[in-house]
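Text of the file final.cif, holding mmCIF, C-alpha atoms:
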data_run
#
loop_
_atom_site.group_PDB
_atom_site.id
_atom_site.type_symbol
_atom_site.label_atom_id
_atom_site.label_comp_id
_atom_site.auth_asym_id
_atom_site.auth_seq_id
_atom_site.Cartn_x
_atom_site.Cartn_y
_atom_site.Cartn_z
ATOM 1 C CA MET A 938 -9.681 10.341 -17.699
ATOM 2 C CA LEU A 939 -11.203 8.349 -14.865
ATOM 3 C CA THR A 940 -14.819 7.210 -14.947
ATOM 4 C CA GLN A 941 -17.131 7.949 -12.029
ATOM 5 C CA VAL A 942 -16.939 4.271 -10.987
ATOM 6 C CA GLN A 943 -13.139 4.523 -10.809
ATOM 7 C CA ILE A 944 -13.246 7.771 -8.821
ATOM 8 C CA ASP A 945 -15.805 6.314 -6.402
ATOM 9 C CA ASN A 946 -13.763 3.141 -5.895
ATOM 10 C CA ILE A 947 -10.526 5.080 -5.411
ATOM 11 C CA ASP A 948 -12.216 7.239 -2.787
ATOM 12 C CA ARG A 949 -13.674 4.147 -1.077
ATOM 13 C CA VAL A 950 -10.281 2.412 -0.983
ATOM 14 C CA PHE A 951 -8.788 5.539 0.541
ATOM 15 C CA ALA A 952 -11.560 5.719 3.162
ATOM 16 C CA VAL A 953 -11.054 2.072 4.119
ATOM 17 C CA LEU A 954 -7.306 2.522 4.460
ATOM 18 C CA ASP A 955 -7.627 5.813 6.353
ATOM 19 C CA LEU A 956 -8.898 4.084 9.473
ATOM 20 C CA ASP A 957 -8.340 6.986 11.821
ATOM 21 C CA GLY A 958 -10.144 9.395 9.489
ATOM 22 C CA ASN A 959 -7.360 11.971 9.445
ATOM 23 C CA ASN A 960 -7.402 12.276 5.616
ATOM 24 C CA GLU A 961 -4.001 10.610 5.363
ATOM 25 C CA ILE A 962 -2.899 7.023 4.853
ATOM 26 C CA THR A 963 0.153 5.967 6.833
ATOM 27 C CA TRP A 964 1.817 2.658 7.605
ATOM 28 C CA ASP A 965 -0.001 2.682 10.966
ATOM 29 C CA ASP A 966 -3.302 2.377 9.095
ATOM 30 C CA PHE A 967 -2.109 -0.814 7.387
ATOM 31 C CA GLU A 968 -0.949 -2.236 10.715
ATOM 32 C CA THR A 969 -4.351 -1.463 12.229
ATOM 33 C CA VAL A 970 -6.167 -3.164 9.325
ATOM 34 C CA THR A 971 -3.986 -6.244 9.737
ATOM 35 C CA ALA A 972 -4.622 -6.388 13.486
ATOM 36 C CA GLY A 973 -8.364 -6.046 12.917
ATOM 37 C CA GLN A 974 -8.451 -8.739 10.267
ATOM 38 C CA ALA A 975 -6.384 -11.083 12.443
ATOM 39 C CA LYS A 976 -8.721 -10.488 15.382
ATOM 40 C CA GLU A 977 -11.791 -11.213 13.239
ATOM 41 C CA ALA A 978 -10.156 -14.490 12.177
ATOM 42 C CA GLY A 979 -9.526 -15.405 15.824
ATOM 43 C CA LEU A 980 -5.768 -14.911 15.523
ATOM 44 C CA THR A 981 -3.201 -12.604 17.000
ATOM 45 C CA VAL A 982 -1.158 -10.260 14.864
ATOM 46 C CA ASP A 983 1.828 -12.537 15.558
ATOM 47 C CA ALA A 984 0.185 -15.529 13.834
ATOM 48 C CA PRO A 985 1.983 -16.584 10.627
ATOM 49 C CA GLU A 986 -1.083 -15.775 8.495
ATOM 50 C CA ALA A 987 -1.299 -12.277 9.969
ATOM 51 C CA GLN A 988 2.426 -11.719 9.499
ATOM 52 C CA ALA A 989 2.132 -12.811 5.840
ATOM 53 C CA LEU A 990 -0.716 -10.330 5.366
ATOM 54 C CA LEU A 991 1.275 -7.582 7.057
ATOM 55 C CA ALA A 992 4.249 -8.271 4.764
ATOM 56 C CA ALA A 993 1.969 -8.061 1.704
ATOM 57 C CA TYR A 994 0.468 -4.798 2.953
ATOM 58 C CA ARG A 995 3.997 -3.470 3.517
ATOM 59 C CA LYS A 996 4.820 -3.979 -0.163
ATOM 60 C CA VAL A 997 1.640 -2.131 -1.169
ATOM 61 C CA TRP A 998 2.358 0.677 1.279
ATOM 62 C CA ASP A 999 5.950 1.092 0.137
ATOM 63 C CA TYR A 1000 4.818 1.275 -3.499
ATOM 64 C CA VAL A 1001 1.965 3.711 -2.802
ATOM 65 C CA ARG A 1002 4.139 5.945 -0.626
ATOM 66 C CA GLU A 1003 6.935 5.990 -3.207
ATOM 67 C CA VAL A 1004 4.592 6.923 -6.051
ATOM 68 C CA ALA A 1005 1.952 9.082 -4.378
ATOM 69 C CA ASP A 1006 3.639 10.873 -1.468
ATOM 70 C CA THR A 1007 4.579 13.814 -3.651
ATOM 71 C CA ASP A 1008 5.205 16.184 -0.740
ATOM 72 C CA ASN A 1009 7.443 13.625 1.036
ATOM 73 C CA SER A 1010 5.445 13.901 4.266
ATOM 74 C CA GLY A 1011 5.602 10.167 4.982
ATOM 75 C CA GLY A 1012 1.881 9.813 4.404
ATOM 76 C CA VAL A 1013 -0.476 9.952 1.450
ATOM 77 C CA VAL A 1014 -3.410 12.350 1.548
ATOM 78 C CA LYS A 1015 -6.560 11.812 -0.476
ATOM 79 C CA SER A 1016 -5.605 14.284 -3.211
ATOM 80 C CA GLU A 1017 -2.240 12.538 -3.689
ATOM 81 C CA PHE A 1018 -3.919 9.128 -3.747
ATOM 82 C CA ARG A 1019 -6.476 10.211 -6.327
ATOM 83 C CA ALA A 1020 -3.806 11.978 -8.422
ATOM 84 C CA GLY A 1021 -1.755 8.786 -8.417
ATOM 85 C CA TYR A 1022 -4.655 6.949 -10.001
ATOM 86 C CA SER A 1023 -5.636 9.678 -12.427
ATOM 87 C CA THR A 1024 -2.072 9.775 -13.781
ATOM 88 C CA GLN A 1025 -1.982 5.944 -13.813
ATOM 89 C CA ARG A 1026 0.991 5.778 -11.450
ATOM 90 C CA LEU A 1027 -1.153 3.742 -9.027
ATOM 91 C CA SER A 1028 -3.038 1.628 -11.540
ATOM 92 C CA GLY A 1029 -0.286 -0.293 -13.277
ATOM 93 C CA PRO A 1030 0.156 -4.050 -13.315
ATOM 94 C CA GLU A 1031 2.886 -4.045 -10.669
ATOM 95 C CA LEU A 1032 0.637 -2.497 -8.020
ATOM 96 C CA LEU A 1033 -2.291 -4.663 -9.117
ATOM 97 C CA ASP A 1034 -0.097 -7.700 -8.510
ATOM 98 C CA LEU A 1035 0.759 -6.396 -5.048
ATOM 99 C CA TRP A 1036 -2.943 -5.919 -4.271
ATOM 100 C CA ALA A 1037 -3.575 -9.458 -5.550
ATOM 101 C CA GLU A 1038 -0.985 -10.702 -3.066
ATOM 102 C CA VAL A 1039 -2.809 -8.845 -0.290
ATOM 103 C CA ALA A 1040 -6.045 -10.485 -1.461
ATOM 104 C CA ASN A 1041 -4.404 -13.915 -1.363
ATOM 105 C CA ARG A 1042 -3.171 -13.322 2.185
ATOM 106 C CA CYS A 1043 -6.560 -11.955 3.317
ATOM 107 C CA PHE A 1044 -8.197 -15.032 1.857
ATOM 108 C CA GLU A 1045 -5.817 -17.370 3.690
ATOM 109 C CA LEU A 1046 -6.329 -15.492 6.944
ATOM 110 C CA ALA A 1047 -10.124 -15.583 6.650
ATOM 111 C CA ASP A 1048 -10.450 -19.188 5.420
ATOM 112 C CA ARG A 1049 -10.296 -20.559 8.953
ATOM 113 C CA ASP A 1050 -11.560 -24.034 8.085
ATOM 114 C CA GLY A 1051 -9.013 -24.311 5.260
ATOM 115 C CA ASP A 1052 -11.519 -25.602 2.705
ATOM 116 C CA GLY A 1053 -10.320 -23.227 -0.008
ATOM 117 C CA HIS A 1054 -13.537 -21.207 0.024
ATOM 118 C CA LEU A 1055 -14.909 -18.232 1.892
ATOM 119 C CA THR A 1056 -18.419 -18.313 3.276
ATOM 120 C CA ALA A 1057 -20.374 -15.087 3.620
ATOM 121 C CA GLU A 1058 -19.378 -15.035 7.308
ATOM 122 C CA GLU A 1059 -15.663 -15.491 6.572
ATOM 123 C CA PHE A 1060 -15.896 -12.874 3.832
ATOM 124 C CA GLY A 1061 -17.669 -10.488 6.210
ATOM 125 C CA ALA A 1062 -14.867 -10.941 8.734
ATOM 126 C CA ILE A 1063 -12.427 -9.431 6.235
ATOM 127 C CA TYR A 1064 -14.645 -6.364 5.983
ATOM 128 C CA ARG A 1065 -15.233 -6.035 9.729
ATOM 129 C CA GLY A 1066 -11.513 -6.390 10.338
ATOM 130 C CA ALA A 1067 -10.848 -3.583 7.874
ATOM 131 C CA GLY A 1068 -13.223 -1.330 9.795
ATOM 132 C CA ILE A 1069 -16.172 -1.586 7.393
ATOM 133 C CA ALA A 1070 -18.955 -1.729 9.942
ATOM 134 C CA ASP A 1071 -21.960 -1.712 7.591
ATOM 135 C CA PRO A 1072 -22.757 -5.400 6.936
ATOM 136 C CA GLU A 1073 -24.632 -4.447 3.757
ATOM 137 C CA VAL A 1074 -21.339 -3.547 2.079
ATOM 138 C CA ALA A 1075 -19.933 -7.046 2.622
ATOM 139 C CA GLU A 1076 -23.257 -8.687 1.736
ATOM 140 C CA THR A 1077 -23.480 -6.792 -1.553
ATOM 141 C CA ALA A 1078 -19.844 -7.498 -2.403
ATOM 142 C CA PHE A 1079 -20.221 -11.195 -1.607
ATOM 143 C CA ALA A 1080 -23.358 -11.508 -3.742
ATOM 144 C CA GLU A 1081 -21.662 -9.756 -6.661
ATOM 145 C CA ALA A 1082 -18.479 -11.825 -6.366
ATOM 146 C CA ASP A 1083 -20.308 -15.166 -6.057
ATOM 147 C CA THR A 1084 -20.874 -15.449 -9.795
ATOM 148 C CA ASP A 1085 -21.722 -19.147 -9.715
ATOM 149 C CA SER A 1086 -24.218 -18.635 -6.847
ATOM 150 C CA ASP A 1087 -22.797 -21.470 -4.747
ATOM 151 C CA HIS A 1088 -22.757 -19.270 -1.605
ATOM 152 C CA ARG A 1089 -18.999 -19.396 -1.304
ATOM 153 C CA LEU A 1090 -16.001 -17.805 -2.976
ATOM 154 C CA ASP A 1091 -12.858 -19.538 -4.075
ATOM 155 C CA LYS A 1092 -9.549 -17.693 -4.053
ATOM 156 C CA ASP A 1093 -9.665 -16.927 -7.793
ATOM 157 C CA GLU A 1094 -13.113 -15.308 -7.500
ATOM 158 C CA PHE A 1095 -11.977 -13.279 -4.516
ATOM 159 C CA VAL A 1096 -8.704 -12.092 -6.059
ATOM 160 C CA ALA A 1097 -10.372 -11.207 -9.373
ATOM 161 C CA ASN A 1098 -12.884 -9.036 -7.552
ATOM 162 C CA VAL A 1099 -10.221 -7.308 -5.477
ATOM 163 C CA ARG A 1100 -8.353 -6.515 -8.691
ATOM 164 C CA GLY A 1101 -11.632 -5.201 -10.073
ATOM 165 C CA ILE A 1102 -11.820 -2.554 -7.379
ATOM 166 C CA PHE A 1103 -8.878 -0.919 -9.110
ATOM 167 C CA THR A 1104 -9.699 -1.737 -12.739
ATOM 168 C CA ALA A 1105 -13.484 -1.573 -13.138
ATOM 169 C CA THR A 1106 -14.591 1.348 -15.266
ATOM 170 C CA GLU A 1107 -18.334 0.658 -15.109
ATOM 171 C CA ASP A 1108 -20.804 -0.891 -12.663
ATOM 172 C CA ALA A 1109 -21.227 -4.150 -14.571
ATOM 173 C CA MET A 1110 -17.548 -5.060 -14.263
ATOM 174 C CA LYS A 1111 -16.123 -7.529 -11.758
ATOM 175 C CA GLY A 1112 -15.157 -5.882 -8.486
ATOM 176 C CA SER A 1113 -16.876 -2.570 -9.150
ATOM 177 C CA ARG A 1114 -19.122 -3.008 -6.111
ATOM 178 C CA MET A 1115 -16.656 -4.506 -3.628
ATOM 179 C CA LEU A 1116 -16.704 -1.444 -1.371
ATOM 180 C CA ARG A 1117 -20.243 -0.137 -1.556
ATOM 181 C CA GLY A 1118 -23.641 -1.274 -0.470
ATOM 182 C CA ARG A 1119 -26.677 -1.612 -2.681
#
Show this structure as structure tokens.
Amino acid sequence: MLTQVQIDNIDRVFAVLDLDGNNEITWDDFETVTAGQAKEAGLTVDAPEAQALLAAYRKVWDYVREVADTDNSGGVVKSEFRAGYSTQRLSGPELLDLWAEVANRCFELADRDGDGHLTAEEFGAIYRGAGIADPEVAETAFAEADTDSDHRLDKDEFVANVRGIFTATEDAMKGSRMLRGR
């Protein structure tokens, strides 16, 4: 049985991916997220970093659609998405690895100065590009993820927290607050 933290995070992930708000995730939503994240990084969707992110999102989408699109509509509605997690079809190590690859590609796209770290501004660009307009969400997530308080995130910190979105069962766990404000 899922904890309330898991249910909340699953619903938040769905809301982020459902950019058009039609209660269904489709491949178009992933393309829109990629375009937004590329734009926030000052790149076009044709840039190699954006194409690498798009390819990583494609693997996630194909997996999610295969597992959760139970009515074969070509999209995944919220009830299918949540059911996929509650039955653990969407919480296994294979999908977590695919999400980690997305996190790696997001990191590389956002790390515009190439120093191997994300500043709060670079981190916030990932959120803005994904359509998360409330800056408090990114600020809270950055503060929680910056465990050594050096005001920057390395790739390992970032990826671990993205994984935590899908694995945290309580508020104190890494990644549990990646998609919510204070």
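With only C-alpha atoms as the atoms that count, the residue of A:Ala989, A:Ile947, A:Val1074, A:Met938 with the shortest distance to A:Gly1101 is A:Ile947.
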| task | Identify all residues satisfying the PyMOL selection byres ((chain A and resi 1095) around 12) in the given file; provide them as a PyMOL selection string. | result | chain A and resi 1036-1045+1047-1048+1053-1057+1059-1060+1063+1078-1084+1089-1094+1096-1102+1111-1112+1115
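For the file at hand, the PyMOL selection byres ((chain A and resi 979) around 12) resolves to Ala972, Gly973, Gln974, Ala975, Lys976, Glu977, Ala978, Leu980, Thr981, Val982, Asp983, Ala984, Glu986, Ala987, Leu1046, Ala1047, Asp1048, Arg1049, Asp1050, Glu1059, Ala1062, Ile1063 and Gly1066 of chain A.
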| Separation of atom CA of A:Ala1109 and atom CA of A:Thr1077, in Å? | 13.5 Å
Got a sec to resolve the PyMOL selection byres ((chain A and resi 960-966) around 8) on this structure and send the residues as a compact mmCIF listing (two decimals) with C-alpha atoms, in the coordinates of the input?
# COMPACT_ATOMS: atom_id res chain seq x y z
CA PHE A 951 -8.79 5.54 0.54
CA LEU A 954 -7.31 2.52 4.46
CA ASP A 955 -7.63 5.81 6.35
CA LEU A 956 -8.90 4.08 9.47
CA ASP A 957 -8.34 6.99 11.82
CA GLY A 958 -10.14 9.40 9.49
CA ASN A 959 -7.36 11.97 9.44
CA PHE A 967 -2.11 -0.81 7.39
CA GLU A 968 -0.95 -2.24 10.72
CA THR A 969 -4.35 -1.46 12.23
CA VAL A 970 -6.17 -3.16 9.32
CA ARG A 995 4.00 -3.47 3.52
CA TRP A 998 2.36 0.68 1.28
CA GLY A 1011 5.60 10.17 4.98
CA GLY A 1012 1.88 9.81 4.40
CA VAL A 1013 -0.48 9.95 1.45
CA VAL A 1014 -3.41 12.35 1.55
CA LYS A 1015 -6.56 11.81 -0.48
| query | Near A:Leu1032, counting only C-alpha atoms, which residues have an atom at most 12 Å away, once you skip same-chain residues fewer than 2 positions from it, shown as a PyMOL selection string? | reply | chain A and resi 993-994+996-1004+1021-1022+1025-1030+1034-1039+1100+1103-1104
| For atom CA of A:Val950 and atom CA of A:Ala1005, the interatomic separation in Å (one decimal) | 14.3 Å
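One distance worth recording is that between atom CA of A:Tyr1064 and atom CA of A:Asp948, which is 16.4 Å.
You can rank A:Ser1023, A:Asp1008, A:Asp1087, A:Val953 by their closest distance to A:Ala1070 using only C-alpha atoms, and at the top of that list sits A:Val953.
Using only C-alpha atoms for every distance, the candidate list A:Ala1105, A:Leu990, A:Glu1031, A:Met1110 yields A:Ala1105 as the residue closest to A:Asn946.
Among the candidate residues A:Ala952, A:Phe1018, A:Thr1024, A:Leu991, the one lying nearest to A:Asp1006 is A:Phe1018, with distances computed using only C-alpha atoms.
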| Which is closest to A:Gln941 among A:Glu1107, A:Gly1118, A:Ala1075, A:Pro985, if we use only C-alpha atoms? | A:Glu1107
Add whatever atoms are absent from stretch 1079-1101 of chain A to reach N, CA and C atoms, and provide the output as a short mmCIF file (atom, residue, chain, number, x, y, z; two decimals), in the frame of the given file.
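Generated file (part.cif):
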data_model
loop_
_atom_site.label_atom_id
_atom_site.label_comp_id
_atom_site.auth_asym_id
_atom_site.auth_seq_id
_atom_site.Cartn_x
_atom_site.Cartn_y
_atom_site.Cartn_z
N PHE A 1079 -20.22 -9.73 -1.53
CA PHE A 1079 -20.22 -11.20 -1.61
C PHE A 1079 -21.18 -11.67 -2.70
N ALA A 1080 -22.37 -11.11 -2.73
CA ALA A 1080 -23.36 -11.51 -3.74
C ALA A 1080 -22.85 -11.23 -5.15
N GLU A 1081 -22.21 -10.10 -5.35
CA GLU A 1081 -21.66 -9.76 -6.66
C GLU A 1081 -20.50 -10.67 -7.05
N ALA A 1082 -19.66 -11.01 -6.08
CA ALA A 1082 -18.48 -11.82 -6.37
C ALA A 1082 -18.81 -13.30 -6.57
N ASP A 1083 -19.90 -13.76 -5.97
CA ASP A 1083 -20.31 -15.17 -6.06
C ASP A 1083 -21.03 -15.41 -7.38
N THR A 1084 -20.28 -15.39 -8.45
CA THR A 1084 -20.87 -15.45 -9.80
C THR A 1084 -21.52 -16.79 -10.11
N ASP A 1085 -21.09 -17.85 -9.45
CA ASP A 1085 -21.72 -19.15 -9.72
C ASP A 1085 -22.82 -19.48 -8.70
N SER A 1086 -23.12 -18.53 -7.82
CA SER A 1086 -24.22 -18.64 -6.85
C SER A 1086 -24.15 -19.89 -5.97
N ASP A 1087 -22.93 -20.30 -5.62
CA ASP A 1087 -22.80 -21.47 -4.75
C ASP A 1087 -22.64 -21.08 -3.27
N HIS A 1088 -22.81 -19.81 -2.97
CA HIS A 1088 -22.76 -19.27 -1.60
C HIS A 1088 -21.38 -19.42 -0.96
N ARG A 1089 -20.37 -19.39 -1.79
CA ARG A 1089 -19.00 -19.40 -1.30
C ARG A 1089 -18.10 -18.86 -2.42
N LEU A 1090 -16.95 -18.35 -2.02
CA LEU A 1090 -16.00 -17.80 -2.98
C LEU A 1090 -14.71 -18.60 -2.91
N ASP A 1091 -14.19 -18.95 -4.08
CA ASP A 1091 -12.86 -19.54 -4.08
C ASP A 1091 -11.84 -18.40 -4.20
N LYS A 1092 -10.59 -18.72 -4.06
CA LYS A 1092 -9.55 -17.69 -4.05
C LYS A 1092 -9.52 -16.92 -5.37
N ASP A 1093 -9.70 -17.62 -6.50
CA ASP A 1093 -9.66 -16.93 -7.79
C ASP A 1093 -10.78 -15.90 -7.91
N GLU A 1094 -11.99 -16.26 -7.47
CA GLU A 1094 -13.11 -15.31 -7.50
C GLU A 1094 -12.80 -14.09 -6.63
N PHE A 1095 -12.28 -14.36 -5.45
CA PHE A 1095 -11.98 -13.28 -4.52
C PHE A 1095 -10.91 -12.34 -5.08
N VAL A 1096 -9.81 -12.91 -5.54
CA VAL A 1096 -8.70 -12.09 -6.06
C VAL A 1096 -9.15 -11.29 -7.29
N ALA A 1097 -9.89 -11.91 -8.17
CA ALA A 1097 -10.37 -11.21 -9.37
C ALA A 1097 -11.23 -10.00 -9.00
N ASN A 1098 -12.04 -10.15 -7.97
CA ASN A 1098 -12.88 -9.04 -7.55
C ASN A 1098 -12.10 -7.95 -6.85
N VAL A 1099 -11.09 -8.33 -6.09
CA VAL A 1099 -10.22 -7.31 -5.48
C VAL A 1099 -9.50 -6.53 -6.57
N ARG A 1100 -8.98 -7.22 -7.56
CA ARG A 1100 -8.35 -6.52 -8.69
C ARG A 1100 -9.35 -5.56 -9.35
N GLY A 1101 -10.59 -6.00 -9.44
CA GLY A 1101 -11.63 -5.20 -10.07
C GLY A 1101 -11.90 -3.88 -9.38
#
